[in-house]
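J.: Sending over a structure as structure tokens; questions will come in a sec.
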Amino acid sequence: RKEVEQDPGPFNVPEGATVAFNCTYSNSASQSFFWYRQDCRKEPKLLMSVYSSGNEDGRFTAQLNRASQYISLLIRDSKLSDSATYLCVVNVAGGSYIPTFGRGTSLIVHP
Amino acid sequence: DAGITQSPRYKITETGRQVTLMCHQTWSHSYMFWYRQDLGHGLRLIYYSAAADITDKGEVPDGYVVSRSKTENFPLTLESATRSQTSVYFCASTTGSYTEAFFGQGTRLTVV
């Protein structure tokens with residue numbers, strides 16, 4: 001079982017839609033969590049960090065549920081420019097904190 | 001310019017040749033990582049380094065060698081390239097612990 005699991009999609013949604021991505025992780029000692037965005041096999045870039053209290057950045061909301069070992073990303077009012085792959089990242093504890101990636105969820109926003 | 005840079009951006013090499021991918025960061029981050037990205041697998045960790053002269057294997061280390069004599073550089077060497085090593089390679093760095101990783105632009109390697 002991979003340490004970080006994501007539904008690969010693709011999620012194909014119209015502009016203006018709300019879409020949610022989920023991610024589960026297996027190591028309960030994990031300490032930090034992130035969502036990254038990756039365009040067309042370019043380098044991943046940080047979208048937002050994820051905190052237990054939840055956090056919001058404009059149209060994007062991230063949630064962490066430590067008890068269920070579950071992370072979510074909600075995108076409201078989808079734009080064409082949101083089309084990308086969204087990577088769930090967990091820093092796995094074990095001496096060194098190693099960013100461990102899910103396989104990514106592909107989002108396609110169409111007109 | 002500050003940041004993390006990889007070179008070359010594109011490389012074609014022949015099976016059996018040795019090839020080195022370079023990674024340089026200007027932040028003095030302690031941790032550096034090498035990942036490969038292949039369709040269907042996502043980003044997989046090859047090697048990482050917690051500090052100069054400290055390296056450790058990741059998920060897919062076979063066929064690769066790393067070194068870190070200076071904090072800012074973390075080269076990745078394919079000792080004898082194979083077609084299965086055709087991939088996009090990303091170098092990343094972090095300060096460690098709870099912080100996010102910053103990525104280089106990637107090296108697209110083709111082994112023919």
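Letters A, B, ... mark the chains of the structure tokens in the order given; residue numbers begin at 1 per chain; ligand numbers begin at 1, in order shown.
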Given a cut-off of 12 Å, which residues of chain A touch chain B, counting only C-alpha atoms, written out as a compact mmCIF listing (two decimals) with C-alpha atoms, in the first residue's frame?
T.:
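And here is the file that came out, iface_3.txt:
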```
# COMPACT_ATOMS: atom_id res chain seq x y z
CA LYS A 2 1.40 3.39 -0.96
CA GLU A 3 2.00 5.78 1.92
CA VAL A 4 -0.06 8.50 0.25
CA GLU A 5 -3.09 7.60 -1.85
CA GLN A 6 -5.05 9.80 -4.20
CA ASP A 7 -7.79 9.20 -6.74
CA PRO A 8 -5.98 9.84 -10.05
CA GLY A 9 -9.11 11.09 -11.81
CA SER A 30 3.30 12.31 9.76
CA GLN A 31 3.62 15.91 10.83
CA SER A 32 3.11 18.23 7.90
CA PHE A 33 0.85 18.19 4.90
CA PHE A 34 0.65 20.11 1.66
CA TRP A 35 -1.13 20.38 -1.64
CA TYR A 36 1.01 21.07 -4.68
CA ARG A 37 0.00 21.92 -8.20
CA GLN A 38 1.82 20.58 -11.24
CA ASP A 39 1.31 21.76 -14.81
CA CYS A 40 2.23 19.62 -17.82
CA ARG A 41 5.15 17.78 -16.14
CA LYS A 42 6.69 21.05 -15.00
CA GLU A 43 8.00 21.23 -11.48
CA PRO A 44 5.47 20.91 -8.66
CA LYS A 45 4.70 24.16 -6.89
CA LEU A 46 3.21 24.66 -3.48
CA LEU A 47 -0.49 25.45 -3.57
CA MET A 48 -1.11 25.49 0.16
CA SER A 49 -0.16 23.96 3.45
CA VAL A 50 -2.78 21.97 5.34
CA TYR A 51 -3.45 22.47 9.04
CA THR A 85 -2.52 17.87 -11.57
CA TYR A 86 -2.90 18.30 -7.82
CA LEU A 87 -0.44 16.45 -5.64
CA CYS A 88 -1.01 15.56 -2.02
CA VAL A 89 2.24 15.65 -0.06
CA VAL A 90 2.93 14.32 3.40
CA ASN A 91 6.15 14.79 5.30
CA VAL A 92 6.75 11.34 6.69
CA ALA A 93 8.51 11.29 10.02
CA GLY A 94 11.36 8.89 10.64
CA GLY A 95 14.52 10.74 11.56
CA SER A 96 14.37 12.84 8.42
CA TYR A 97 11.15 14.42 7.26
CA ILE A 98 10.79 13.22 3.71
CA PRO A 99 8.17 14.73 1.40
CA THR A 100 6.16 11.79 0.13
CA PHE A 101 3.87 12.32 -2.81
CA GLY A 102 0.60 10.86 -3.88
CA ARG A 103 0.32 10.02 -7.57
CA GLY A 104 -1.70 13.16 -8.18
CA THR A 105 -5.24 13.94 -9.24
CA SER A 106 -5.80 15.35 -12.69
```
J.: If we count only C-alpha atoms and set the cut-off at 10 Å, which residues sit around B:Val111, ignoring sequence neighbours fewer than 5 positions away in its own chain? Please answer as a PDB file with N, CA and C atoms, in the first residue's frame.
T.:
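The result, written out as selection-v3.pdb:
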```pdb
ATOM      1  N   LYS B  11      18.359  15.784 -21.781  1.00  0.00           N
ATOM      2  CA  LYS B  11      19.540  14.978 -22.047  1.00  0.00           C
ATOM      3  C   LYS B  11      19.109  13.701 -22.735  1.00  0.00           C
ATOM      4  N   ILE B  12      19.813  13.376 -23.813  1.00  0.00           N
ATOM      5  CA  ILE B  12      19.651  12.086 -24.470  1.00  0.00           C
ATOM      6  C   ILE B  12      20.978  11.362 -24.343  1.00  0.00           C
ATOM      7  N   THR B  13      20.936  10.144 -23.872  1.00  0.00           N
ATOM      8  CA  THR B  13      22.162   9.381 -23.723  1.00  0.00           C
ATOM      9  C   THR B  13      21.929   7.947 -24.193  1.00  0.00           C
ATOM     10  N   GLU B  14      23.014   7.242 -24.370  1.00  0.00           N
ATOM     11  CA  GLU B  14      22.910   5.867 -24.838  1.00  0.00           C
ATOM     12  C   GLU B  14      22.985   4.896 -23.659  1.00  0.00           C
ATOM     13  N   THR B  15      22.376   3.764 -23.849  1.00  0.00           N
ATOM     14  CA  THR B  15      22.434   2.698 -22.856  1.00  0.00           C
ATOM     15  C   THR B  15      23.885   2.382 -22.512  1.00  0.00           C
ATOM     16  N   GLY B  16      24.151   2.276 -21.228  1.00  0.00           N
ATOM     17  CA  GLY B  16      25.473   1.914 -20.759  1.00  0.00           C
ATOM     18  C   GLY B  16      26.372   3.087 -20.418  1.00  0.00           C
ATOM     19  N   ARG B  17      25.998   4.267 -20.836  1.00  0.00           N
ATOM     20  CA  ARG B  17      26.829   5.442 -20.550  1.00  0.00           C
ATOM     21  C   ARG B  17      26.555   5.944 -19.139  1.00  0.00           C
ATOM     22  N   ALA B  81      23.564   3.861 -17.704  1.00  0.00           N
ATOM     23  CA  ALA B  81      22.166   4.166 -17.979  1.00  0.00           C
ATOM     24  C   ALA B  81      21.444   2.999 -18.669  1.00  0.00           C
ATOM     25  N   THR B  82      20.208   2.813 -18.271  1.00  0.00           N
ATOM     26  CA  THR B  82      19.329   1.822 -18.899  1.00  0.00           C
ATOM     27  C   THR B  82      18.060   2.519 -19.394  1.00  0.00           C
ATOM     28  N   ARG B  83      17.379   1.881 -20.330  1.00  0.00           N
ATOM     29  CA  ARG B  83      16.165   2.494 -20.893  1.00  0.00           C
ATOM     30  C   ARG B  83      15.107   2.733 -19.808  1.00  0.00           C
ATOM     31  N   SER B  84      15.099   1.893 -18.796  1.00  0.00           N
ATOM     32  CA  SER B  84      14.113   2.059 -17.720  1.00  0.00           C
ATOM     33  C   SER B  84      14.367   3.320 -16.893  1.00  0.00           C
ATOM     34  N   GLN B  85      15.519   3.946 -17.096  1.00  0.00           N
ATOM     35  CA  GLN B  85      15.813   5.186 -16.382  1.00  0.00           C
ATOM     36  C   GLN B  85      15.398   6.420 -17.170  1.00  0.00           C
ATOM     37  N   THR B  86      14.797   6.207 -18.325  1.00  0.00           N
ATOM     38  CA  THR B  86      14.174   7.313 -19.049  1.00  0.00           C
ATOM     39  C   THR B  86      13.050   7.859 -18.183  1.00  0.00           C
ATOM     40  N   SER B  87      13.129   9.147 -17.880  1.00  0.00           N
ATOM     41  CA  SER B  87      12.197   9.720 -16.926  1.00  0.00           C
ATOM     42  C   SER B  87      12.410  11.223 -16.849  1.00  0.00           C
TER      43      SER B  87
END
```
J.: For A:Leu80, work out the shell of residues within 10 Å, counting only C-alpha atoms and skipping chain neighbours fewer than 5 positions away, then give it as an NGL selection string.
T.: :A and (13-16 or 107-111)
J.: With N, CA, C and O atoms kept, could you save the residues just selected as an mmCIF file, in the first residue's frame?
T.:
```
data_model
loop_
_atom_site.group_PDB
_atom_site.id
_atom_site.type_symbol
_atom_site.label_atom_id
_atom_site.label_comp_id
_atom_site.auth_asym_id
_atom_site.auth_seq_id
_atom_site.Cartn_x
_atom_site.Cartn_y
_atom_site.Cartn_z
ATOM 1 N N VAL A 13 -14.643 18.882 -15.163
ATOM 2 C CA VAL A 13 -15.727 19.713 -14.635
ATOM 3 C C VAL A 13 -15.882 20.967 -15.468
ATOM 4 O O VAL A 13 -14.937 21.432 -16.101
ATOM 5 N N PRO A 14 -17.084 21.548 -15.480
ATOM 6 C CA PRO A 14 -17.301 22.811 -16.204
ATOM 7 C C PRO A 14 -16.806 23.983 -15.370
ATOM 8 O O PRO A 14 -16.693 23.907 -14.141
ATOM 9 N N GLU A 15 -16.514 25.066 -16.050
ATOM 10 C CA GLU A 15 -16.163 26.299 -15.337
ATOM 11 C C GLU A 15 -17.239 26.631 -14.317
ATOM 12 O O GLU A 15 -18.435 26.464 -14.577
ATOM 13 N N GLY A 16 -16.802 27.111 -13.166
ATOM 14 C CA GLY A 16 -17.746 27.505 -12.135
ATOM 15 C C GLY A 16 -18.117 26.401 -11.172
ATOM 16 O O GLY A 16 -18.723 26.663 -10.128
ATOM 17 N N LEU A 107 -7.103 17.384 -12.914
ATOM 18 C CA LEU A 107 -8.308 18.203 -13.042
ATOM 19 C C LEU A 107 -8.327 18.853 -14.413
ATOM 20 O O LEU A 107 -7.354 19.497 -14.811
ATOM 21 N N ILE A 108 -9.441 18.681 -15.097
ATOM 22 C CA ILE A 108 -9.662 19.354 -16.375
ATOM 23 C C ILE A 108 -10.915 20.200 -16.223
ATOM 24 O O ILE A 108 -12.000 19.677 -15.944
ATOM 25 N N VAL A 109 -10.755 21.510 -16.387
ATOM 26 C CA VAL A 109 -11.888 22.417 -16.333
ATOM 27 C C VAL A 109 -12.199 22.850 -17.757
ATOM 28 O O VAL A 109 -11.323 23.381 -18.457
ATOM 29 N N HIS A 110 -13.429 22.621 -18.188
ATOM 30 C CA HIS A 110 -13.789 22.945 -19.567
ATOM 31 C C HIS A 110 -14.817 24.081 -19.601
ATOM 32 O O HIS A 110 -15.546 24.303 -18.629
ATOM 33 N N PRO A 111 -14.851 24.798 -20.737
ATOM 34 C CA PRO A 111 -15.781 25.946 -20.849
ATOM 35 C C PRO A 111 -17.239 25.500 -20.763
ATOM 36 O O PRO A 111 -17.581 24.382 -21.135
#
```
J.: Hey, can you check how far atom CA of B:Ala52 sits from atom CA of B:Met22?
T.: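 Value for the atom CA of B:Ala52-atom CA of B:Met22 distance: 15.4 Å.
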J.: Expressed in Å to a single decimal, how great is the separation between atom CA of B:Thr110 and atom CA of B:His29?
T.: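 Separating atom CA of B:Thr110 from atom CA of B:His29 is a distance of 29.2 Å.
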J.: Skip stretch 63-65 of chain B itself and residues of its chain fewer than 6 positions away, then list as a list in words all residues within 6 Å of it, counting only C-alpha atoms.
T.: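 Near stretch 63-65 of chain B, the qualifying residues are Leu76, Thr77 and Leu78 of chain B.
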J.: Mind the document's chain letters and residue numbers, and return as a PyMOL selection string the residues of chain A that DSSP labels strand (DSSP E or B).
T.: chain A and resi 4-6+11-14+19-25+32-38+45-50+55-57+60-65+70-75+84-92+98-101+105-110
J.: Export C-alpha atoms of the chosen residues as a tab-separated table (two decimals), in the first residue's frame?
T.:
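Here's the written file part_6.tsv:
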```tsv
chain	number	residue	atom	x	y	z
A	4	VAL	CA	-0.06	8.50	0.25
A	5	GLU	CA	-3.09	7.60	-1.85
A	6	GLN	CA	-5.05	9.80	-4.20
A	11	PHE	CA	-11.94	15.05	-12.84
A	12	ASN	CA	-13.61	16.75	-15.77
A	13	VAL	CA	-15.73	19.71	-14.63
A	14	PRO	CA	-17.30	22.81	-16.20
A	19	VAL	CA	-14.64	20.06	-7.04
A	20	ALA	CA	-13.12	18.18	-4.12
A	21	PHE	CA	-10.03	16.00	-3.99
A	22	ASN	CA	-9.23	13.52	-1.27
A	23	CYS	CA	-6.02	12.01	-0.05
A	24	THR	CA	-5.23	9.42	2.62
A	25	TYR	CA	-1.91	8.71	4.28
A	32	SER	CA	3.11	18.23	7.90
A	33	PHE	CA	0.85	18.19	4.90
A	34	PHE	CA	0.65	20.11	1.66
A	35	TRP	CA	-1.13	20.38	-1.64
A	36	TYR	CA	1.01	21.07	-4.68
A	37	ARG	CA	0.00	21.92	-8.20
A	38	GLN	CA	1.82	20.58	-11.24
A	45	LYS	CA	4.70	24.16	-6.89
A	46	LEU	CA	3.21	24.66	-3.48
A	47	LEU	CA	-0.49	25.45	-3.57
A	48	MET	CA	-1.11	25.49	0.16
A	49	SER	CA	-0.16	23.96	3.45
A	50	VAL	CA	-2.78	21.97	5.34
A	55	ASN	CA	-7.18	26.78	5.95
A	56	GLU	CA	-8.55	28.78	3.08
A	57	ASP	CA	-6.89	30.76	0.33
A	60	PHE	CA	-9.21	26.94	-2.26
A	61	THR	CA	-9.88	25.25	1.07
A	62	ALA	CA	-7.79	22.50	2.60
A	63	GLN	CA	-8.73	20.28	5.52
A	64	LEU	CA	-6.85	17.74	7.60
A	65	ASN	CA	-8.44	14.98	9.63
A	70	TYR	CA	-7.32	12.12	5.50
A	71	ILE	CA	-6.61	15.36	3.65
A	72	SER	CA	-8.93	17.21	1.32
A	73	LEU	CA	-8.79	20.09	-1.13
A	74	LEU	CA	-11.88	21.96	-2.23
A	75	ILE	CA	-11.84	24.25	-5.24
A	84	ALA	CA	-3.58	20.83	-13.66
A	85	THR	CA	-2.52	17.87	-11.57
A	86	TYR	CA	-2.90	18.30	-7.82
A	87	LEU	CA	-0.44	16.45	-5.64
A	88	CYS	CA	-1.01	15.56	-2.02
A	89	VAL	CA	2.24	15.65	-0.06
A	90	VAL	CA	2.93	14.32	3.40
A	91	ASN	CA	6.15	14.79	5.30
A	92	VAL	CA	6.75	11.34	6.69
A	98	ILE	CA	10.79	13.22	3.71
A	99	PRO	CA	8.17	14.73	1.40
A	100	THR	CA	6.16	11.79	0.13
A	101	PHE	CA	3.87	12.32	-2.81
A	105	THR	CA	-5.24	13.94	-9.24
A	106	SER	CA	-5.80	15.35	-12.69
A	107	LEU	CA	-8.31	18.20	-13.04
A	108	ILE	CA	-9.66	19.35	-16.37
A	109	VAL	CA	-11.89	22.42	-16.33
A	110	HIS	CA	-13.79	22.95	-19.57
```
J.: If you measure from atom CA of B:His24 to atom CA of B:Tyr47, what distance in Å do you get, rounded to one decimal?
T.: 15.3 Å
J.: When you count only C-alpha atoms, which of these residues is closest to B:Gly3: B:Thr20, B:Thr26, B:Asn73, B:Ser67?
T.: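 Smallest distance to B:Gly3 is found for B:Thr26.
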